[in-house]
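This is entry_12.cif. It holds mmCIF, C-alpha atoms, pLDDT in the B column; chains and numbers go by the auth columns.
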data_structure
#
loop_
_atom_site.group_PDB
_atom_site.id
_atom_site.type_symbol
_atom_site.label_atom_id
_atom_site.label_comp_id
_atom_site.label_asym_id
_atom_site.label_seq_id
_atom_site.Cartn_x
_atom_site.Cartn_y
_atom_site.Cartn_z
_atom_site.B_iso_or_equiv
_atom_site.auth_seq_id
_atom_site.auth_asym_id
ATOM 1 C CA MET A 1 8.659 -29.950 9.280 45.00 1 A
ATOM 2 C CA GLY A 2 11.224 -32.516 8.261 51.00 2 A
ATOM 3 C CA PHE A 3 14.835 -31.394 7.955 53.00 3 A
ATOM 4 C CA ALA A 4 16.291 -34.725 6.850 56.00 4 A
ATOM 5 C CA ARG A 5 18.256 -33.785 3.723 68.00 5 A
ATOM 6 C CA TYR A 6 18.266 -31.945 0.442 72.00 6 A
ATOM 7 C CA TRP A 7 16.037 -32.982 -2.365 70.00 7 A
ATOM 8 C CA THR A 8 17.945 -33.517 -5.635 73.00 8 A
ATOM 9 C CA THR A 9 16.313 -33.109 -9.047 76.00 9 A
ATOM 10 C CA ASP A 10 17.297 -34.346 -12.481 81.00 10 A
ATOM 11 C CA ASP A 11 17.300 -30.861 -14.020 84.00 11 A
ATOM 12 C CA ASP A 12 16.952 -27.187 -13.116 80.00 12 A
ATOM 13 C CA SER A 13 13.258 -26.839 -13.959 83.00 13 A
ATOM 14 C CA PRO A 14 11.629 -24.414 -11.504 78.00 14 A
ATOM 15 C CA SER A 15 8.648 -26.765 -11.233 80.00 15 A
ATOM 16 C CA HIS A 16 10.707 -28.890 -8.831 73.00 16 A
ATOM 17 C CA VAL A 17 10.774 -26.217 -6.131 71.00 17 A
ATOM 18 C CA TYR A 18 7.026 -26.268 -5.461 79.00 18 A
ATOM 19 C CA HIS A 19 7.484 -28.629 -2.526 81.00 19 A
ATOM 20 C CA ASP A 20 8.144 -28.017 1.160 85.00 20 A
ATOM 21 C CA VAL A 21 11.782 -29.103 1.041 81.00 21 A
ATOM 22 C CA LEU A 22 15.251 -27.603 1.415 81.00 22 A
ATOM 23 C CA ILE A 23 16.615 -26.473 -1.938 77.00 23 A
ATOM 24 C CA ALA A 24 20.410 -26.615 -2.085 78.00 24 A
ATOM 25 C CA LEU A 25 22.137 -23.522 -3.391 78.00 25 A
ATOM 26 C CA ASP A 26 25.510 -25.171 -2.922 79.00 26 A
ATOM 27 C CA GLU A 27 25.155 -28.622 -1.369 79.00 27 A
ATOM 28 C CA SER A 28 28.912 -29.049 -0.886 84.00 28 A
ATOM 29 C CA ARG A 29 28.929 -26.003 1.414 82.00 29 A
ATOM 30 C CA GLY A 30 25.634 -26.770 3.176 79.00 30 A
ATOM 31 C CA SER A 31 24.078 -23.642 1.714 80.00 31 A
ATOM 32 C CA ASN A 32 20.334 -23.785 1.100 82.00 32 A
ATOM 33 C CA ASN A 33 17.330 -21.592 0.430 82.00 33 A
ATOM 34 C CA GLY A 34 15.513 -22.664 3.595 83.00 34 A
ATOM 35 C CA GLN A 35 12.396 -24.749 4.015 85.00 35 A
ATOM 36 C CA PRO A 36 9.274 -22.796 2.978 88.00 36 A
ATOM 37 C CA SER A 37 7.120 -23.938 5.923 90.00 37 A
ATOM 38 C CA LEU A 38 9.761 -22.714 8.379 90.00 38 A
ATOM 39 C CA TRP A 39 9.924 -19.297 6.723 90.00 39 A
ATOM 40 C CA ALA A 40 6.119 -19.040 6.587 92.00 40 A
ATOM 41 C CA TYR A 41 6.044 -19.782 10.333 94.00 41 A
ATOM 42 C CA LEU A 42 8.736 -17.169 11.040 93.00 42 A
ATOM 43 C CA PHE A 43 7.118 -14.492 8.858 94.00 43 A
ATOM 44 C CA ASP A 44 3.785 -15.111 10.599 95.00 44 A
ATOM 45 C CA HIS A 45 5.416 -14.518 13.982 96.00 45 A
ATOM 46 C CA LEU A 46 7.156 -11.342 12.821 95.00 46 A
ATOM 47 C CA ASN A 47 3.753 -9.745 12.169 95.00 47 A
ATOM 48 C CA LEU A 48 5.114 -7.690 9.273 95.00 48 A
ATOM 49 C CA VAL A 49 2.738 -4.987 8.100 95.00 49 A
ATOM 50 C CA PRO A 50 2.677 -2.533 5.179 97.00 50 A
ATOM 51 C CA ALA A 51 5.092 0.408 5.528 97.00 51 A
ATOM 52 C CA GLU A 52 7.454 -1.534 7.809 97.00 52 A
ATOM 53 C CA GLN A 53 11.227 -1.377 7.282 97.00 53 A
ATOM 54 C CA VAL A 54 13.072 -4.709 7.276 97.00 54 A
ATOM 55 C CA LEU A 55 16.750 -5.659 7.163 97.00 55 A
ATOM 56 C CA HIS A 56 17.246 -9.171 5.750 95.00 56 A
ATOM 57 C CA LEU A 57 20.754 -10.387 6.592 93.00 57 A
ATOM 58 C CA GLY A 58 21.972 -13.461 4.750 89.00 58 A
ATOM 59 C CA CYS A 59 19.389 -13.070 2.001 88.00 59 A
ATOM 60 C CA GLY A 60 20.882 -15.725 -0.287 84.00 60 A
ATOM 61 C CA THR A 61 19.053 -15.689 -3.606 82.00 61 A
ATOM 62 C CA GLY A 62 16.571 -13.060 -2.485 86.00 62 A
ATOM 63 C CA TYR A 63 13.578 -15.406 -2.758 87.00 63 A
ATOM 64 C CA TYR A 64 12.364 -14.731 0.782 92.00 64 A
ATOM 65 C CA THR A 65 13.377 -11.075 0.489 93.00 65 A
ATOM 66 C CA ALA A 66 10.838 -10.788 -2.324 93.00 66 A
ATOM 67 C CA ILE A 67 8.170 -12.314 -0.081 94.00 67 A
ATOM 68 C CA ILE A 68 9.043 -9.832 2.683 96.00 68 A
ATOM 69 C CA ALA A 69 8.745 -7.013 0.144 96.00 69 A
ATOM 70 C CA GLU A 70 5.215 -8.167 -0.651 96.00 70 A
ATOM 71 C CA LEU A 71 4.331 -8.215 3.051 96.00 71 A
ATOM 72 C CA VAL A 72 5.558 -4.659 3.693 97.00 72 A
ATOM 73 C CA ALA A 73 4.057 -3.457 0.387 96.00 73 A
ATOM 74 C CA SER A 74 5.132 -0.446 -1.641 96.00 74 A
ATOM 75 C CA ALA A 75 5.115 1.846 1.405 97.00 75 A
ATOM 76 C CA GLY A 76 7.659 -0.403 3.138 97.00 76 A
ATOM 77 C CA ARG A 77 11.346 -0.926 2.553 96.00 77 A
ATOM 78 C CA VAL A 78 13.480 -4.063 2.552 96.00 78 A
ATOM 79 C CA THR A 79 17.254 -3.912 2.638 95.00 79 A
ATOM 80 C CA ALA A 80 18.830 -7.252 1.754 93.00 80 A
ATOM 81 C CA VAL A 81 22.457 -8.081 2.508 92.00 81 A
ATOM 82 C CA GLU A 82 24.271 -11.269 1.549 89.00 82 A
ATOM 83 C CA ILE A 83 27.583 -11.860 3.310 88.00 83 A
ATOM 84 C CA ASP A 84 28.609 -14.940 1.324 85.00 84 A
ATOM 85 C CA ALA A 85 30.813 -13.769 -1.566 84.00 85 A
ATOM 86 C CA THR A 86 29.942 -16.788 -3.731 80.00 86 A
ATOM 87 C CA LEU A 87 26.216 -16.106 -3.485 76.00 87 A
ATOM 88 C CA ARG A 88 26.762 -12.390 -4.148 74.00 88 A
ATOM 89 C CA ARG A 89 28.655 -13.212 -7.354 74.00 89 A
ATOM 90 C CA ARG A 90 25.885 -15.604 -8.411 66.00 90 A
ATOM 91 C CA GLU A 91 23.296 -12.872 -7.814 60.00 91 A
ATOM 92 C CA ARG A 92 25.202 -10.418 -9.981 59.00 92 A
ATOM 93 C CA ARG A 93 25.186 -12.962 -12.834 57.00 93 A
ATOM 94 C CA SER A 94 21.441 -13.630 -12.620 52.00 94 A
ATOM 95 C CA PRO A 95 19.245 -12.362 -15.478 47.00 95 A
ATOM 96 C CA ILE A 96 17.358 -10.187 -12.995 45.00 96 A
ATOM 97 C CA GLY A 97 20.435 -8.909 -11.187 48.00 97 A
ATOM 98 C CA PRO A 98 20.461 -7.148 -7.830 50.00 98 A
ATOM 99 C CA ARG A 99 17.054 -5.801 -6.915 50.00 99 A
ATOM 100 C CA SER A 100 15.567 -3.410 -4.442 45.00 100 A
ATOM 101 C CA LYS A 101 12.098 -2.355 -3.450 40.00 101 A
#

Full structure transcribed into structure tokens:
Amino acid sequence: MGFARYWTTDDDSPSHVYHDVLIALDESRGSNNGQPSLWAYLFDHLNLVPAEQVLHLGCGTGYYTAIIAELVASAGRVTAVEIDATLRRRERRSPIGPRSK
């Protein structure tokens, strides 16, 4: 896993995020979505199973929260909390809006 720097794209096409790189949420603040290979490694070591209850603190955009929700399945529960006010406001403006499972 290389943690050298953010990868910058020319536009906001979602096709750019299908790489194992840090995606900046707010580069000026050092806020990122996390490197996918790191999160895959961490999730593997958590041994999450269906029906488990998970608290995801600092959930950011909710991308990895959605993956956790898939791992615990419909019998499980994920509570996601974002402490950064800027990210919370951004989430409220998203077309999907706050979500829960």

Report summary line: For Ile23 (chain A), the closest of A:Ser74, A:His45, A:Cys59, A:Thr9 counting all atoms listed in the file is A:Thr9

Query - For Pro50 (chain A): contacts at 7 Å, all atoms listed in the file, fewer than 5 positions along chain excluded, given as a list in words - result: Leu71, Val72, Ala73, Ala75 and Gly76 of chain A

Report task. Give me the result of the PyMOL selection byres ((chain A and resi 26) around 12) on this file, residue by residue, as a ChimeraX atom specification. Result -> /A:6,8,22-25,27-33,60-61,84,86-87,90

Report summary line: Correct to one decimal, the distance CA of Arg88 (chain A)-CA of Gly34 (chain A) is 17.1 Å

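Picked by the PyMOL selection byres ((chain A and resi 65) around 10) from the coordinates shown: Val54, Leu55, His56, Leu57, Gly58, Cys59, Gly60, Thr61, Gly62, Tyr63, Tyr64, Ala66, Ile67, Ile68, Ala69, Glu70, Leu71, Val78, Thr79, Ala80, Val81, Arg99, Ser100 and Lys101 of chain A.
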
**Report entry** One-decimal distance in Å that lies between CA of Asp20 (chain A) and CA of Gln35 (chain A)
**Finding:**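 Distance between the two atoms: 6.1 Å.
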
Report task. Please measure the separation of CA of Glu52 (chain A) and CA of Pro36 (chain A), giving the value in Å to one decimal. Result ->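 Atom-to-atom, CA of Glu52 (chain A) and CA of Pro36 (chain A) are spaced 21.9 Å apart.
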
Box dimensions and centre (Å, one decimal) enclosing region 43-54 of chain A, axis-aligned, 8 Å extra per side, as AutoDock Vina command-line options:
--center_x 7.9 --center_y -7.4 --center_z 9.6 --size_x 26.4 --size_y 31.5 --size_z 24.8
